[in-house]
$ cat coords.tsv   # TSV, C-alpha atoms
chain	number	residue	atom	x	y	z
V	216	MET	CA	0.00	0.00	0.00
V	217	GLY	CA	1.38	3.41	-1.00
V	218	PHE	CA	2.08	6.19	1.49
V	219	ASN	CA	-0.84	8.29	0.22
V	220	SER	CA	-3.23	5.38	0.67
V	221	ILE	CA	-2.04	4.84	4.22
V	222	VAL	CA	-2.44	8.54	5.02
V	223	SER	CA	-5.96	8.55	3.58
V	224	LEU	CA	-6.99	5.84	6.03
V	225	PHE	CA	-6.20	8.17	8.93
V	226	THR	CA	-7.54	11.39	7.44
V	227	PRO	CA	-10.54	12.72	9.38
V	228	LYS	CA	-13.72	12.65	7.32
V	229	ASP	CA	-14.54	16.22	8.39
V	230	ARG	CA	-16.30	17.06	5.19
V	231	VAL	CA	-18.63	14.09	5.52
V	232	PHE	CA	-19.81	14.95	9.04
V	233	TYR	CA	-19.93	18.70	8.55
V	234	SER	CA	-21.83	18.35	5.28
V	235	LEU	CA	-24.35	16.00	6.88
V	236	PHE	CA	-24.87	18.28	9.87
V	237	GLU	CA	-25.29	21.28	7.59
V	238	GLU	CA	-27.92	19.41	5.57
V	239	VAL	CA	-29.76	18.47	8.76
V	240	ALA	CA	-29.57	22.05	10.02
V	241	GLU	CA	-31.03	23.30	6.73
V	242	GLY	CA	-33.89	20.86	7.22
V	243	VAL	CA	-34.40	22.03	10.80
V	244	GLY	CA	-34.60	25.63	9.60
V	245	ARG	CA	-37.03	24.69	6.85
V	246	MET	CA	-39.29	22.87	9.31
V	247	GLY	CA	-39.25	25.95	11.54
V	248	LYS	CA	-40.54	28.03	8.62
V	249	LEU	CA	-43.12	25.41	7.68
V	250	ILE	CA	-44.66	25.32	11.15
V	251	LYS	CA	-45.24	29.08	10.82
V	252	GLU	CA	-47.02	28.40	7.53
V	253	VAL	CA	-49.11	25.66	9.16
V	254	VAL	CA	-50.44	27.88	11.95
V	255	ALA	CA	-51.02	30.75	9.51
V	256	GLU	CA	-53.21	28.67	7.18
V	257	PRO	CA	-56.91	28.67	8.16
V	258	ASP	CA	-58.03	26.20	5.50
V	259	PHE	CA	-57.86	22.59	6.73
V	260	ASP	CA	-56.99	21.02	3.37
V	261	LYS	CA	-54.32	23.58	2.53
V	262	ARG	CA	-52.90	23.16	6.02
V	263	ALA	CA	-52.78	19.39	5.50
V	264	SER	CA	-50.75	19.95	2.34
V	265	ILE	CA	-48.17	22.00	4.25
V	266	ILE	CA	-48.05	19.36	6.98
V	267	SER	CA	-47.28	16.82	4.26
V	268	GLN	CA	-44.20	18.92	3.44
V	269	VAL	CA	-43.25	18.86	7.14
V	270	GLU	CA	-43.54	15.07	7.14
V	271	ASP	CA	-41.41	14.76	4.00
V	272	GLN	CA	-38.70	16.94	5.52
V	273	GLU	CA	-38.81	14.96	8.76
V	274	HIS	CA	-38.20	11.76	6.79
V	275	VAL	CA	-35.29	13.39	4.93
V	276	ASN	CA	-33.74	14.42	8.22
V	277	ASP	CA	-34.25	10.93	9.64
V	278	ASP	CA	-32.27	9.53	6.71
V	279	LEU	CA	-29.51	12.11	7.18
V	280	THR	CA	-29.31	11.32	10.91
V	281	HIS	CA	-29.02	7.63	10.09
V	282	ARG	CA	-26.17	8.47	7.71
V	283	VAL	CA	-24.39	10.36	10.51
V	284	PHE	CA	-24.59	7.27	12.72
V	285	THR	CA	-23.42	5.05	9.84
V	286	GLU	CA	-20.41	7.29	9.23
V	287	LEU	CA	-19.71	7.31	12.96
V	288	GLY	CA	-19.42	3.53	12.92
V	289	ARG	CA	-17.38	3.56	9.73
V	290	ASN	CA	-14.76	6.21	10.53
V	291	PHE	CA	-12.07	5.79	13.15
V	292	ILE	CA	-11.13	9.47	13.20
V	293	THR	CA	-13.83	12.12	13.56
V	294	PRO	CA	-13.79	15.96	13.56
V	295	PHE	CA	-14.80	16.06	17.23
V	296	ASP	CA	-15.72	13.59	19.97
V	297	ARG	CA	-17.84	10.69	18.81
V	298	GLU	CA	-20.10	11.25	21.80
V	299	ASP	CA	-20.66	14.88	20.79
V	300	ILE	CA	-21.41	13.85	17.21
V	301	HIS	CA	-24.01	11.41	18.52
V	302	TYR	CA	-25.53	13.99	20.88
V	303	LEU	CA	-25.70	16.68	18.20
V	304	ALA	CA	-27.29	14.36	15.63
V	305	SER	CA	-29.83	13.15	18.19
V	306	SER	CA	-30.72	16.64	19.42
V	307	LEU	CA	-31.25	17.97	15.90
V	308	ASP	CA	-33.39	14.94	15.09
V	309	ASP	CA	-35.48	15.58	18.22
V	310	ILE	CA	-36.26	19.13	17.05
V	311	CYS	CA	-37.61	17.77	13.78
V	312	ASP	CA	-39.58	15.00	15.49
V	313	TYR	CA	-41.39	17.40	17.82
V	314	ILE	CA	-42.12	19.95	15.08
V	315	TYR	CA	-43.73	17.18	13.07
V	316	ALA	CA	-45.59	15.96	16.17
V	317	THR	CA	-46.96	19.48	16.70
V	318	THR	CA	-48.29	19.77	13.16
V	319	LYS	CA	-49.84	16.29	13.34
V	320	LYS	CA	-51.69	17.18	16.53
V	321	ILE	CA	-53.01	20.40	15.03
V	322	ASN	CA	-54.57	18.49	12.15
V	323	PHE	CA	-55.56	15.36	14.05
V	324	TYR	CA	-57.45	17.39	16.65
V	325	LYS	CA	-58.78	19.76	13.95
V	326	VAL	CA	-57.76	22.69	16.12
V	327	ASN	CA	-57.96	26.17	14.65
V	328	PRO	CA	-54.36	27.37	15.06
V	329	ASN	CA	-55.47	31.01	14.91
V	330	ASP	CA	-54.69	31.30	18.60
V	331	THR	CA	-52.42	33.95	20.06
V	332	GLY	CA	-50.37	31.48	22.10
V	333	ILE	CA	-49.94	28.99	19.26
V	334	GLN	CA	-48.96	31.81	16.87
V	335	LYS	CA	-46.36	33.16	19.29
V	336	MET	CA	-44.94	29.71	19.98
V	337	ALA	CA	-44.64	29.02	16.25
V	338	ASP	CA	-42.81	32.32	15.81
V	339	LEU	CA	-40.35	31.38	18.56
V	340	ILE	CA	-39.83	27.93	17.04
V	341	GLU	CA	-39.00	29.54	13.69
V	342	GLN	CA	-36.53	31.88	15.40
V	343	GLY	CA	-34.94	29.07	17.41
V	344	THR	CA	-34.47	26.75	14.44
V	345	ALA	CA	-32.97	29.62	12.41
V	346	GLN	CA	-30.38	30.23	15.14
V	347	ILE	CA	-29.53	26.53	15.36
V	348	ARG	CA	-28.98	26.53	11.59
V	349	ILE	CA	-26.58	29.47	11.93
V	350	ALA	CA	-24.60	27.85	14.76
V	351	VAL	CA	-24.27	24.48	13.00
V	352	ARG	CA	-23.07	26.06	9.77
V	353	GLU	CA	-20.29	27.85	11.67
V	354	LEU	CA	-18.98	24.60	13.20
V	355	ARG	CA	-17.03	23.64	10.07
V	356	ASN	CA	-14.40	26.34	10.53
V	357	MET	CA	-15.15	27.85	13.97
V	358	ARG	CA	-13.69	31.14	12.76
V	359	ASP	CA	-16.53	33.42	13.77
V	360	MET	CA	-17.00	32.42	17.39
V	361	ARG	CA	-19.05	35.54	18.09
V	362	LYS	CA	-21.58	34.44	15.49
V	363	ILE	CA	-21.91	31.02	17.13
V	364	THR	CA	-22.15	32.30	20.68
V	365	ASP	CA	-24.67	34.99	19.70
V	366	ALA	CA	-26.84	32.32	18.10
V	367	LEU	CA	-26.63	30.11	21.19
V	368	VAL	CA	-27.52	33.00	23.51
V	369	LYS	CA	-30.55	33.77	21.35
V	370	VAL	CA	-31.68	30.13	21.52
V	371	ASN	CA	-31.53	30.22	25.31
V	372	SER	CA	-33.48	33.48	25.37
V	373	ILE	CA	-36.08	32.04	23.01
V	374	GLU	CA	-36.54	29.01	25.25
V	375	ASN	CA	-37.13	31.28	28.25
V	376	GLN	CA	-39.68	33.31	26.29
V	377	ALA	CA	-41.42	30.09	25.25
V	378	ASP	CA	-41.71	29.03	28.90
V	379	ASP	CA	-43.40	32.33	29.72
V	380	ILE	CA	-45.78	32.15	26.77
V	381	PHE	CA	-46.62	28.55	27.61
V	382	ASP	CA	-47.53	29.45	31.20
V	383	LEU	CA	-49.62	32.45	30.15
V	384	SER	CA	-51.34	30.49	27.39
V	385	ILE	CA	-52.31	27.64	29.68
V	386	GLU	CA	-53.61	30.10	32.26
V	387	ARG	CA	-55.66	31.93	29.64
V	388	LEU	CA	-56.90	28.64	28.17
V	389	PHE	CA	-58.39	27.51	31.47
V	390	GLU	CA	-59.92	30.92	32.08
V	391	THR	CA	-61.55	31.44	28.68
V	392	GLU	CA	-62.22	28.02	27.12
V	393	ALA	CA	-65.48	26.42	28.25
V	394	ASP	CA	-65.14	23.27	26.15
V	395	ALA	CA	-63.11	20.71	28.12
V	396	LYS	CA	-62.13	18.85	24.94
V	397	GLU	CA	-60.67	22.01	23.44
V	398	VAL	CA	-58.72	22.62	26.63
V	399	ILE	CA	-57.17	19.15	26.42
V	400	LYS	CA	-56.37	19.48	22.72
V	401	LYS	CA	-54.77	22.91	22.91
V	402	ARG	CA	-52.88	22.09	26.08
V	403	GLU	CA	-51.26	19.13	24.31
V	404	ILE	CA	-50.30	21.31	21.37
V	405	TYR	CA	-48.80	23.95	23.66
V	406	GLN	CA	-46.85	21.26	25.49
V	407	VAL	CA	-45.33	19.79	22.32
V	408	MET	CA	-44.46	23.24	20.97
V	409	GLU	CA	-42.74	24.10	24.23
V	410	ILE	CA	-40.76	20.86	23.96
V	411	VAL	CA	-39.53	21.97	20.52
V	412	THR	CA	-37.92	25.03	22.12
V	413	ASP	CA	-36.43	22.80	24.83
V	414	LYS	CA	-34.90	20.61	22.12
V	415	CYS	CA	-33.44	23.68	20.40
V	416	GLU	CA	-31.81	24.58	23.71
V	417	ASP	CA	-30.49	20.99	24.05
V	418	ALA	CA	-28.87	21.28	20.61
V	419	ALA	CA	-27.42	24.66	21.57
V	420	ASN	CA	-25.91	23.13	24.72
V	421	VAL	CA	-24.23	20.39	22.66
V	422	ILE	CA	-22.82	22.97	20.25
V	423	GLU	CA	-21.55	25.02	23.19
V	424	SER	CA	-19.81	21.93	24.58
V	425	ILE	CA	-18.15	21.32	21.21
V	426	ILE	CA	-16.82	24.87	20.80
V	427	ILE	CA	-15.51	24.94	24.36
V	428	LYS	CA	-13.47	21.82	23.64
V	429	TYR	CA	-12.24	22.66	20.16
V	430	ALA	CA	-12.32	26.41	19.57
$ encode --input "coords.tsv" --output "structure tokens"
Amino acid sequence: MGFNSIVSLFTPKDRVFYSLFEEVAEGVGRMGKLIKEVVAEPDFDKRASIISQVEDQEHVNDDLTHRVFTELGRNFITPFDREDIHYLASSLDDICDYIYATTKKINFYKVNPNDTGIQKMADLIEQGTAQIRIAVRELRNMRDMRKITDALVKVNSIENQADDIFDLSIERLFETEADAKEVIKKREIYQVMEIVTDKCEDAANVIESIIIKYA
């Protein structure tokens, strides 16, 4: 075996992992935009069509996450800790899973999403996923640390805002909604949307751990 062939065996597959994470992050950002479209669409059938796009993107991201895990098992040398790669892939996948779960519940329960709390939560989800996309794209070079840290700070702030909106929305729901079934349905939707922001914060924490170790 030639020297170049030997060297190639021990060359980190940075481009593979970074490219996969960037693709996943693009999908996360797209799903954040789609959930805004879902809650803005009053027509049930049109909303179902947008939710179908959410489902398709969720499947794409599932496949990409599986590829990350496959590459993790295939490559001896990785751009950063194998554990961090696993955590980051899992946390990004969780964001997508819970966005899709939110949109499914909205349609399954036939809830009118024209609700102040749901609209605000969707807006925060879009903001959070956009910041995660920014932070992940900067991981490849880690040259603009300010850009990464600003994005992570914004994600944490968004999660705190979501907690407040969740509490206020639940309080208002019990005060103003007379139909017990509607209370149950909307409460579940609020809960899943709040989890999405939690998952964004989880991803931000993993990214923060990575930049502390390697920046």
$ closest_residue --input "coords.tsv" --among "V:Ile422, V:Met336, V:Leu287, V:Ala377" --to "V:Ile363" --atoms "all atoms listed in the file"
V:Ile422
$ closest_residue --input "coords.tsv" --among "V:Lys319, V:Lys335, V:Lys396, V:Lys414" --to "V:Lys251" --atoms "all atoms listed in the file"
V:Lys335
$ atom_distance --input "coords.tsv" --atom1 "atom CA of V:Glu238" --atom2 "atom CA of V:Gln272"
11.1 Å
$ atom_distance --input "coords.tsv" --atom1 "atom CA of V:Arg262" --atom2 "atom CA of V:Val370"
27.2 Å
$ closest_residue --input "coords.tsv" --among "V:Ile310, V:Val283, V:Leu354, V:Val254" --to "V:Asp413" --atoms "all atoms listed in the file"
V:Ile310
$ closest_residue --input "coords.tsv" --among "V:Ala345, V:Val243, V:Leu235, V:Leu307" --to "V:Ala366" --atoms "only C-alpha atoms"
V:Ala345
$ closest_residue --input "coords.tsv" --among "V:Val411, V:Leu367, V:Ala240, V:Val253" --to "V:Ala304" --atoms "all atoms listed in the file"
V:Ala240
$ atom_distance --input "coords.tsv" --atom1 "atom CA of V:Ala316" --atom2 "atom CA of V:Ile265"
13.6 Å
$ closest_residue --input "coords.tsv" --among "V:Arg297, V:Thr285, V:Glu341, V:Met360" --to "V:Glu252" --atoms "only C-alpha atoms"
V:Glu341
$ residues_around --input "coords.tsv" --residues "V:Gly244" --least-positions-apart "4" --cutoff "12 Å" --atoms "only C-alpha atoms" --output "PDB file with C-alpha atoms, in the coordinates of the input"
ATOM      1  CA  GLU V 237     -25.290  21.280   7.590  1.00  0.00           C
ATOM      2  CA  GLU V 238     -27.920  19.410   5.570  1.00  0.00           C
ATOM      3  CA  VAL V 239     -29.760  18.470   8.760  1.00  0.00           C
ATOM      4  CA  ALA V 240     -29.570  22.050  10.020  1.00  0.00           C
ATOM      5  CA  LYS V 248     -40.540  28.030   8.620  1.00  0.00           C
ATOM      6  CA  LEU V 249     -43.120  25.410   7.680  1.00  0.00           C
ATOM      7  CA  ILE V 250     -44.660  25.320  11.150  1.00  0.00           C
ATOM      8  CA  LYS V 251     -45.240  29.080  10.820  1.00  0.00           C
ATOM      9  CA  VAL V 269     -43.250  18.860   7.140  1.00  0.00           C
ATOM     10  CA  GLN V 272     -38.700  16.940   5.520  1.00  0.00           C
ATOM     11  CA  GLU V 273     -38.810  14.960   8.760  1.00  0.00           C
ATOM     12  CA  ASN V 276     -33.740  14.420   8.220  1.00  0.00           C
ATOM     13  CA  LEU V 307     -31.250  17.970  15.900  1.00  0.00           C
ATOM     14  CA  ILE V 310     -36.260  19.130  17.050  1.00  0.00           C
ATOM     15  CA  CYS V 311     -37.610  17.770  13.780  1.00  0.00           C
ATOM     16  CA  ILE V 314     -42.120  19.950  15.080  1.00  0.00           C
ATOM     17  CA  ILE V 340     -39.830  27.930  17.040  1.00  0.00           C
ATOM     18  CA  GLU V 341     -39.000  29.540  13.690  1.00  0.00           C
ATOM     19  CA  GLN V 342     -36.530  31.880  15.400  1.00  0.00           C
ATOM     20  CA  GLY V 343     -34.940  29.070  17.410  1.00  0.00           C
ATOM     21  CA  THR V 344     -34.470  26.750  14.440  1.00  0.00           C
ATOM     22  CA  ALA V 345     -32.970  29.620  12.410  1.00  0.00           C
ATOM     23  CA  GLN V 346     -30.380  30.230  15.140  1.00  0.00           C
ATOM     24  CA  ILE V 347     -29.530  26.530  15.360  1.00  0.00           C
ATOM     25  CA  ARG V 348     -28.980  26.530  11.590  1.00  0.00           C
ATOM     26  CA  ILE V 349     -26.580  29.470  11.930  1.00  0.00           C
ATOM     27  CA  ALA V 350     -24.600  27.850  14.760  1.00  0.00           C
ATOM     28  CA  VAL V 351     -24.270  24.480  13.000  1.00  0.00           C
ATOM     29  CA  ARG V 352     -23.070  26.060   9.770  1.00  0.00           C
ATOM     30  CA  CYS V 415     -33.440  23.680  20.400  1.00  0.00           C
TER      31      CYS V 415
END
$ residues_around --input "coords.tsv" --residues "stretch 385-387 of chain V" --least-positions-apart "3" --cutoff "9 Å" --atoms "only C-alpha atoms" --output "count of residues only"
11
$ build_atoms --input "coords.tsv" --residues "stretch 255-266 of chain V" --atoms "N, CA and C atoms" --output "JSON list (two decimals), keeping the file's coordinate frame"
[["chain", "number", "residue", "atom", "x", "y", "z"],
["V", 255, "ALA", "N", -50.48, 29.57, 10.19],
["V", 255, "ALA", "CA", -51.02, 30.75, 9.51],
["V", 255, "ALA", "C", -52.10, 30.40, 8.49],
["V", 256, "GLU", "N", -52.26, 29.10, 8.21],
["V", 256, "GLU", "CA", -53.21, 28.67, 7.18],
["V", 256, "GLU", "C", -54.54, 28.25, 7.81],
["V", 257, "PRO", "N", -55.62, 28.99, 7.56],
["V", 257, "PRO", "CA", -56.91, 28.67, 8.16],
["V", 257, "PRO", "C", -57.64, 27.50, 7.49],
["V", 258, "ASP", "N", -57.33, 27.25, 6.23],
["V", 258, "ASP", "CA", -58.03, 26.20, 5.50],
["V", 258, "ASP", "C", -57.44, 24.82, 5.86],
["V", 259, "PHE", "N", -58.31, 23.91, 6.26],
["V", 259, "PHE", "CA", -57.86, 22.59, 6.73],
["V", 259, "PHE", "C", -57.08, 21.84, 5.66],
["V", 260, "ASP", "N", -57.63, 21.79, 4.43],
["V", 260, "ASP", "CA", -56.99, 21.02, 3.37],
["V", 260, "ASP", "C", -55.65, 21.61, 2.96],
["V", 261, "LYS", "N", -55.59, 22.94, 2.87],
["V", 261, "LYS", "CA", -54.32, 23.58, 2.53],
["V", 261, "LYS", "C", -53.30, 23.36, 3.64],
["V", 262, "ARG", "N", -53.79, 23.39, 4.87],
["V", 262, "ARG", "CA", -52.90, 23.16, 6.02],
["V", 262, "ARG", "C", -52.36, 21.73, 5.98],
["V", 263, "ALA", "N", -53.21, 20.80, 5.60],
["V", 263, "ALA", "CA", -52.78, 19.39, 5.50],
["V", 263, "ALA", "C", -51.68, 19.23, 4.45],
["V", 264, "SER", "N", -51.76, 20.01, 3.39],
["V", 264, "SER", "CA", -50.75, 19.95, 2.34],
["V", 264, "SER", "C", -49.39, 20.44, 2.86],
["V", 265, "ILE", "N", -49.42, 21.49, 3.67],
["V", 265, "ILE", "CA", -48.17, 22.00, 4.25],
["V", 265, "ILE", "C", -47.61, 20.99, 5.24],
["V", 266, "ILE", "N", -48.49, 20.37, 6.01],
["V", 266, "ILE", "CA", -48.05, 19.36, 6.98],
["V", 266, "ILE", "C", -47.41, 18.17, 6.26]]
